[in-house]
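Dropping run24.pdb in here (PDB, C-alpha atoms and all ligand atoms):
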ATOM      1  CA  MET I 172       0.000   0.000   0.000
ATOM      2  CA  LEU I 173       2.835   2.401   0.800
ATOM      3  CA  SER I 174       4.894   1.649  -2.291
ATOM      4  CA  ARG I 175       4.586   4.132  -5.102
ATOM      5  CA  GLU I 176       5.248   3.972  -8.809
ATOM      6  CA  CYS I 177       6.421   6.677 -11.156
ATOM      7  CA  LYS I 178       3.455   7.986 -13.105
ATOM      8  CA  GLU I 179       5.618   8.386 -16.194
ATOM      9  CA  CYS I 180       7.719   5.228 -16.428
ATOM     10  CA  GLY I 181       6.221   2.934 -13.783
ATOM     11  CA  GLU I 182       9.463   2.600 -11.845
ATOM     12  CA  LYS I 183       8.956   1.612  -8.240
ATOM     13  CA  LEU I 184       9.909   4.502  -5.984
ATOM     14  CA  SER I 185      11.275   4.304  -2.478
ATOM     15  CA  ALA I 186       9.876   6.549   0.236
ATOM     16  CA  GLY I 187      11.424   9.940   0.812
ATOM     17  CA  ILE I 188      12.681  10.690  -2.680
ATOM     18  CA  SER I 189      11.498  13.748  -4.564
ATOM     19  CA  SER I 190      12.026  12.589  -8.129
ATOM     20  CA  CYS I 191      12.124   9.385 -10.145
ATOM     21  CA  PRO I 192      15.696   8.009 -10.353
ATOM     22  CA  THR I 193      15.005   6.571 -13.791
ATOM     23  CA  CYS I 194      13.347   9.390 -15.712
ATOM     24  CA  GLY I 195      13.644  12.324 -13.311
ATOM     25  CA  THR I 196       9.941  13.012 -13.056
ATOM     26  CA  PRO I 197       9.131  14.925  -9.860
ATOM     27  CA  VAL I 198       7.224  12.803  -7.359
ATOM     28  CA  ALA I 199       4.302  14.163  -5.377
ATOM     29  CA  ARG I 200       5.423  14.719  -1.822
ATOM     30  CA  PHE I 201       2.037  14.049  -0.253
ATOM     31  CA  SER I 202       2.591  10.811   1.598
ATOM     32  CA  LEU I 203       0.122   8.990   3.807
ATOM     33  CA  GLY I 204       1.654  10.623   6.863
ATOM     34  CA  THR I 205       1.227  14.060   5.322
ATOM     35  CA  TRP I 206      -2.464  13.431   4.777
ATOM     36  CA  ILE I 207      -2.910  12.144   8.336
ATOM     37  CA  ILE I 208      -1.311  15.305   9.736
ATOM     38  CA  PHE I 209      -3.394  17.416   7.381
ATOM     39  CA  LEU I 210      -6.621  15.708   8.426
ATOM     40  CA  ILE I 211      -5.788  16.283  12.104
ATOM     41  CA  ILE I 212      -4.615  19.903  11.917
ATOM     42  CA  VAL I 213      -7.406  21.234   9.690
ATOM     43  CA  PRO I 214     -10.258  20.061  11.972
ATOM     44  CA  MET I 215      -8.348  21.565  14.914
ATOM     45  CA  PHE I 216      -8.288  24.959  13.184
ATOM     46  CA  ILE I 217     -11.976  24.693  12.308
ATOM     47  CA  TYR I 218     -12.842  23.674  15.862
ATOM     48  CA  GLY I 219     -10.802  26.538  17.309
ATOM     49  CA  TYR I 220     -12.450  29.020  14.956
ATOM     50  CA  PHE I 221     -16.004  28.104  15.896
ATOM     51  CA  MET I 222     -15.222  27.819  19.609
ATOM     52  CA  ASP I 223     -13.722  31.323  19.508
TER      53      ASP I 223
HETATM   54 ZN    ZN K 301      10.032   7.571 -13.886
END
Just give me the structure of the file as structure tokens.
Amino acid sequence: MLSRECKECGEKLSAGISSCPTCGTPVARFSLGTWIIFLIIVPMFIYGYFMD
């Protein structure tokens, strides 16, 4: 589930790299962890806003 593939050449990409080692295509940096943090922080801001 955590493995990624290059959208251009299909090369398997290891975690933490910013571009494909084969073709050089930039890799999206949004990992699962990034989304988890995002989904936690955003509701906290919304909650804080409405609670004043
Ligand atoms: Zn590639």
Taking the file as shown, find all residues satisfying the PyMOL selection byres (((chain I and resi 186) around 8) and not hetatm) and write them as a list of chain:residue names.
I:Ser174, I:Arg175, I:Leu184, I:Ser185, I:Gly187, I:Ile188
Taking the point (10.5, 13.6, -7.8) as given in the file, collect each protein or nucleic acid residue that comes within 12 Å of it, counting only C-alpha atoms, and present the set as a PyMOL selection string.
chain I and resi 175-179+182+184-201
Restricting to all atoms listed in the file, whichever of I:Ile207, I:Tyr220, I:Met215, I:Lys183 is closest to ligand ZN 301 (chain K) is I:Lys183
Enclose the full set of atoms of region 193-203 of chain I listed in the file within a box whose edges lie along x, y and z, apply 4 Å of padding to each of the six sides, and report centre and edge lengths in Å to one decimal as lines of an AutoDock Vina configuration file.
center_x = 7.6
center_y = 10.7
center_z = -6.0
size_x = 22.9
size_y = 16.4
size_z = 27.5
- request: Identify which of the residues I:Asp223, I:Tyr218, I:Gly181, I:Ile208 lies closest to ligand ZN 301 (chain K), counting all atoms listed in the file when measuring atom-to-atom distances.
  value: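 Of the candidates, the smallest distance to ligand ZN 301 (chain K) is held by I:Gly181.
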With distances taken over only C-alpha atoms and all ligand atoms, the candidate from I:Met222, I:Leu203, I:Cys180, I:Ile212 nearest ligand ZN 301 (chain K) is I:Cys180
